[in-house]
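Reading through the structure tokens given below for one structure.
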Amino acid sequence: MVAELSTQLVAQQQHAVKLLTSAKRICILTGAGISAESGIPTFRDKQTGLWENYRAEDLASPIAFDRDPKMVWSWYQWRRQLVQDKAPNPAHLALAQWQQSIKQSHQHITIITQNVDDLHEQAGAQVTHLHGHLWRNRCHQCDKPYKIEGINKENQYANDELITCPHCAGYIRPDIVWFGEALPVEAWQIAEQAAASCEVFMSIGTSSLVYPAAGLAKLAKQNGAKLIEINPNPTPNTVVDITLAAKAGEVLPILLKDFIKHS
Ligand code: APR
């Protein structure tokens, strides 16, 4: 079901559709807000349950893992339990459908995400992950990928015992980019190239606080792109041309419907 937009949003939404239909290259950056309607808390939401006295930023770091690997691993196992049964929402589905629908046309959409969940993929989109993958593990010491074998998915995340690497005895950690760590080179190259060469850059469900990802919008702007932001709350992103102040799951299906109608 496609929701109604408030009248004040309609003009901006129509302007956005106009830009999107005339663009050859569109670059989309998503953040935790796009998965919020699937029931996954955003990063800067207050923590819940056992973890309500912690800040996500204080747990997602190599310093935290070096200081207390058990605590950080337990937090990720808890997050995995929280995310494992979550499904794509209308925002993920609209982006995937949109990307598919223009395959035979002159347009191209590059989707870059800061999210470590796989809801874009579950929806059928092709996406580049800047901050890694919640479901993958690697050794904190020697970097070798590590696959937990022989346990069913549910038990796997219920167990928060630390695992050691069979190659070097270092601790196994989630394959996620933490604060203070470098982004994967190839993913960052794809992101920079897509941002620098697009005509329209869309920022969806991100607080635009965390760099280098937050710098992609400015890179796009410097290279002449128009910027559209979808976020129910204001952000410090000052280079935006069109703000759609609504939930992604409400606005994206409408945008897609109008886009298809006008293209
Ligand atoms: N639709 C669109 N945006 C939403 C919605 C929604 N339904 N719900 C919340 N938001 C917005 C919030 O207003 C906020 O601006 O999503 C944004 C989420 O911000 P953050 O929690 O800061 O998430 P994100 O920007 O993805 O964080 C970037 O920081 O902690 C690190 O590595 C982590 O990838 C993460 C990075």
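Identifiers in this document derive from the order of the structure tokens: chains are assigned A, B, ..., residues are numbered from 1 separately in each chain, and ligands are numbered from 1 in order of occurrence.
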All residues within 7 Å of ligand 1 are required, counting only C-alpha atoms and all ligand atoms; please report them as a PyMOL selection string.
chain A and resi 30-34+36-37+42-45+56-57+114-115+131+177-178+204-210+230-235+246-249
Secondary structure check, strand (DSSP E) residues of stretch 130-184 of chain A, as a ChimeraX atom specification:
/A:132-139,145-146,172-176
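Nearest residue to A:Met202 among A:Arg173, A:Lys257, A:Lys218, A:Arg138 is A:Lys218, counting only C-alpha atoms.
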Measuring between only C-alpha atoms, which one of A:Ser74, A:Asn89, A:Gln97, A:Asn223 shows the shortest distance to A:Phe259?
A:Gln97
